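Source file input.tsv; content: TSV, C-alpha atoms and all ligand atoms.
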```
chain	number	residue	atom	x	y	z
R	1	MET	CA	54.38	-101.74	58.67
R	2	ILE	CA	57.02	-102.79	56.19
R	3	GLU	CA	57.10	-106.22	54.59
R	4	ILE	CA	60.02	-107.57	52.59
R	5	GLU	CA	59.54	-110.21	49.90
R	6	THR	CA	61.83	-113.25	49.67
R	7	LYS	CA	63.99	-112.10	46.75
R	8	PRO	CA	64.94	-108.66	48.09
R	9	TRP	CA	65.37	-110.14	51.59
R	10	GLN	CA	67.91	-112.65	50.25
R	11	THR	CA	69.75	-109.83	48.44
R	12	MET	CA	69.93	-107.83	51.69
R	13	VAL	CA	71.07	-110.69	53.92
R	14	LEU	CA	73.60	-111.98	51.39
R	15	HIS	CA	75.05	-108.49	50.91
R	16	ALA	CA	75.30	-107.94	54.68
R	17	GLU	CA	76.97	-111.32	55.27
R	18	ARG	CA	79.38	-110.84	52.39
R	19	ILE	CA	80.48	-107.36	53.51
R	20	TYR	CA	80.88	-108.49	57.16
R	21	PRO	CA	82.78	-107.45	59.31
R	22	ASN	CA	82.10	-104.12	57.62
R	23	GLU	CA	78.75	-102.36	57.46
R	24	CYS	CA	76.84	-102.77	54.23
R	25	CYS	CA	74.14	-100.54	52.84
R	26	GLY	CA	71.58	-100.46	50.08
R	27	ALA	CA	68.21	-99.30	48.83
R	28	MET	CA	64.78	-100.91	49.08
R	29	LEU	CA	62.23	-100.45	46.31
R	30	GLY	CA	58.57	-101.34	46.27
R	31	HIS	CA	55.06	-100.08	46.83
R	32	THR	CA	53.45	-98.00	49.53
R	33	SER	CA	49.78	-98.07	50.30
R	34	GLY	CA	48.79	-95.93	53.24
R	35	GLU	CA	50.84	-97.06	56.23
R	36	SER	CA	52.00	-100.31	54.68
R	37	LYS	CA	55.00	-100.79	52.52
R	38	LEU	CA	55.99	-103.79	50.46
R	39	VAL	CA	59.61	-104.20	49.39
R	40	THR	CA	59.87	-106.07	46.08
R	41	GLU	CA	63.44	-105.18	45.08
R	42	ALA	CA	66.65	-104.47	46.97
R	43	ILE	CA	69.74	-102.89	45.50
R	44	ALA	CA	73.11	-103.40	47.19
R	45	LEU	CA	75.08	-100.13	47.24
R	46	GLU	CA	78.68	-99.44	48.06
R	47	ASN	CA	79.58	-98.23	51.53
R	48	ALA	CA	81.32	-94.96	50.64
R	49	TRP	CA	82.48	-94.15	54.17
R	50	ALA	CA	86.19	-93.31	54.00
R	51	GLY	CA	86.97	-94.35	57.58
R	52	ALA	CA	86.58	-97.67	59.41
R	53	GLN	CA	83.60	-99.35	57.76
R	54	GLY	CA	82.95	-101.72	60.66
R	55	GLU	CA	81.16	-98.93	62.48
R	56	ARG	CA	79.70	-96.71	59.84
R	57	TYR	CA	78.24	-96.51	56.42
R	58	GLN	CA	77.72	-93.69	54.01
R	59	LEU	CA	75.61	-93.61	50.88
R	60	ARG	CA	76.67	-91.55	47.92
R	61	PRO	CA	73.86	-89.15	47.00
R	62	GLU	CA	74.34	-90.06	43.33
R	63	ASP	CA	73.90	-93.79	44.12
R	64	LEU	CA	70.67	-93.03	45.95
R	65	LEU	CA	69.53	-90.86	43.06
R	66	ALA	CA	70.28	-93.70	40.62
R	67	ALA	CA	68.28	-96.12	42.80
R	68	ASP	CA	65.40	-93.66	42.83
R	69	LYS	CA	65.53	-93.39	39.04
R	70	GLU	CA	65.69	-97.17	38.70
R	71	ALA	CA	62.60	-97.45	40.92
R	72	ARG	CA	60.65	-95.00	38.80
R	73	THR	CA	61.47	-96.72	35.51
R	74	ARG	CA	60.07	-99.93	37.01
R	75	GLY	CA	56.97	-98.26	38.39
R	76	LEU	CA	58.23	-98.61	41.97
R	77	ASP	CA	59.13	-96.19	44.74
R	78	LEU	CA	62.33	-95.89	46.70
R	79	ILE	CA	60.88	-96.66	50.11
R	80	GLY	CA	63.83	-97.27	52.34
R	81	ILE	CA	67.47	-97.73	53.10
R	82	PHE	CA	69.02	-100.78	54.73
R	83	HIS	CA	72.35	-101.22	56.46
R	84	SER	CA	73.98	-103.77	58.72
R	85	HIS	CA	75.42	-103.74	62.24
R	86	PRO	CA	78.27	-106.26	62.44
R	87	ASP	CA	78.36	-108.01	65.85
R	88	CYS	CA	75.96	-105.44	67.20
R	89	ASP	CA	72.21	-105.27	67.81
R	90	ALA	CA	69.87	-103.85	65.18
R	91	TYR	CA	69.26	-100.55	66.94
R	92	PHE	CA	69.17	-97.04	65.44
R	93	SER	CA	72.31	-95.22	66.52
R	94	GLU	CA	72.84	-91.48	67.06
R	95	THR	CA	74.84	-91.43	63.81
R	96	ASP	CA	72.09	-93.33	61.99
R	97	LEU	CA	69.56	-90.77	63.19
R	98	LYS	CA	71.75	-87.84	62.19
R	99	ASN	CA	72.18	-89.24	58.68
R	100	SER	CA	68.56	-90.23	58.18
R	101	CYS	CA	65.71	-88.73	56.15
R	102	PRO	CA	62.18	-88.73	57.52
R	103	TRP	CA	60.52	-90.03	54.36
R	104	TYR	CA	62.30	-93.40	54.29
R	105	SER	CA	62.10	-96.59	56.34
R	106	PHE	CA	65.47	-97.60	57.76
R	107	VAL	CA	66.01	-101.33	58.12
R	108	VAL	CA	68.97	-102.41	60.26
R	109	LEU	CA	70.24	-106.00	60.04
R	110	SER	CA	72.24	-107.43	62.91
R	111	ILE	CA	74.98	-109.75	61.65
R	112	GLN	CA	76.55	-111.86	64.40
R	113	ASN	CA	79.73	-113.81	63.59
R	114	GLY	CA	79.08	-113.34	59.89
R	115	LYS	CA	75.50	-114.64	59.96
R	116	PHE	CA	72.16	-112.83	59.97
R	117	ASP	CA	70.69	-112.68	63.47
R	118	HIS	CA	67.76	-110.23	63.59
R	119	ALA	CA	66.48	-107.00	62.06
R	120	HIS	CA	64.40	-103.94	62.93
R	121	SER	CA	62.92	-101.06	60.97
R	122	PHE	CA	62.85	-97.42	62.04
R	123	LEU	CA	61.00	-94.28	61.02
R	124	PRO	CA	62.96	-91.13	61.84
R	125	ASP	CA	60.96	-88.01	62.66
R	126	ALA	CA	61.20	-84.83	60.58
R	127	ASP	CA	63.81	-83.07	62.72
R	128	GLN	CA	65.91	-86.22	63.16
R	129	THR	CA	65.69	-86.22	66.96
R	130	ARG	CA	64.09	-89.60	67.40
R	131	ALA	CA	63.18	-92.69	65.39
R	132	GLU	CA	60.04	-94.70	65.97
R	133	SER	CA	60.23	-98.42	65.56
R	134	GLU	CA	58.20	-99.78	62.65
R	135	GLU	CA	56.74	-103.27	62.41
R	136	LEU	CA	58.93	-105.33	60.09
R	137	LYS	CA	58.04	-108.61	58.39
R	138	TRP	CA	60.59	-110.68	56.56
R	139	PRO	CA	60.34	-114.19	55.15
R	140	LYS	CA	61.31	-116.70	57.83
R	141	SER	CA	63.02	-119.71	56.35
M	201	ZN	ZN	73.70	-98.07	62.01
```
Would you mind writing the file out in structure tokens?
Ligand SMILES: [Zn+2]
Amino acid sequence: MIEIETKPWQTMVLHAERIYPNECCGAMLGHTSGESKLVTEAIALENAWAGAQGERYQLRPEDLLAADKEARTRGLDLIGIFHSHPDCDAYFSETDLKNSCPWYSFVVLSIQNGKFDHAHSFLPDADQTRAESEELKWPKS
């Protein structure tokens, strides 16, 4: 289970809506205890994909490394990656799976007509062949 606090959730939704109709991406920081994760900070990162950004995102390894460092200095862990699907459901695509890492939670936000619609979280397996869906809680307002 992954739960996202109000402040990081607002950062994620705002970033996704602002970048629409392109895909946005970013990092989620927080705490893990056993199977449950709590996201207390979200960092918006630049979509570094060189092609059409309405269908794909790419994280720079150095941006992810910086987010990981930032987490550590604050006593947090880098626990996941988020990205958006403009005018598309929040599913985990073949490309998403191929570019995933098994130790992170992947939150996908569906943005419909520029507004947040719904979200899901996924846990890719070690050989990146399938992603399990993970229970996701976000502040409803
Ligand atoms: Zn995707």
Return as a tab-separated table the residues of chain R lying at most 6 Å from ligand ZN 201 (chain M), together with the closest atom-to-atom pair for each and the distance in Å to one decimal, counting only C-alpha atoms and all ligand atoms, with rows in chain order and ascending residue number.
```
residue	atom	partner	partner_atom	distance
R:His85	CA	M:ZN201	ZN	5.9
R:Phe92	CA	M:ZN201	ZN	5.8
R:Ser93	CA	M:ZN201	ZN	5.5
R:Asp96	CA	M:ZN201	ZN	5.0
```
Residues within 7 Å of range 27-41 of chain R, please, as a ChimeraX atom specification. Count all atoms listed in the file; anything in the same chain fewer than 4 positions from it doesn't count.
/R:1-5,8,67,71,76-82
Hey, can you check how far CA of Val107 in chain R sits from CA of His15 in chain R?
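Computing it gives 13.6 Å between the two atoms.
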Nearest to Tyr57 in chain R, chosen from R:Cys25, R:Cys88, R:Val13, R:Val108, with all atoms listed in the file counted in the distances
R:Cys25
If I take CA of Cys101 in chain R and CA of Phe122 in chain R, how far is one from the other in Å, to one decimal?
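Atom-to-atom, CA of Cys101 in chain R and CA of Phe122 in chain R are spaced 10.9 Å apart.
In this structure, CA of His83 in chain R sits 5.2 Å away from CA of Cys24 in chain R.
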Select, from R:Glu17, R:Asp127, R:Asp68, R:Glu62, the residue with the minimum atom-to-atom distance to Pro86 in chain R, counting only C-alpha atoms.
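For Pro86 in chain R, the nearest of the candidates is R:Glu17.
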Within 7 Å of Gln128 in chain R, counting all atoms listed in the file, which residues qualify if same-chain residues fewer than 2 places away don't, as a PyMOL selection string?
chain R and resi 97-98+100+124-126+130
Nearest-residue call for Lys7 in chain R, choices R:Asp87, R:Asn22, R:Ala42, R:Arg74, using all atoms listed in the file
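Among R:Asp87, R:Asn22, R:Ala42, R:Arg74, it is R:Ala42 that comes nearest to Lys7 in chain R.
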Restricting to only C-alpha atoms, whichever of R:Ser105, R:Glu55, R:Glu23, R:Tyr91 is closest to Glu135 in chain R is R:Ser105
Taking only C-alpha atoms into account, name the residue in R:Glu134, R:Glu70, R:Glu46, R:Asp63 that is nearest to Tyr104 in chain R.
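The closest residue to Tyr104 in chain R is R:Glu134.
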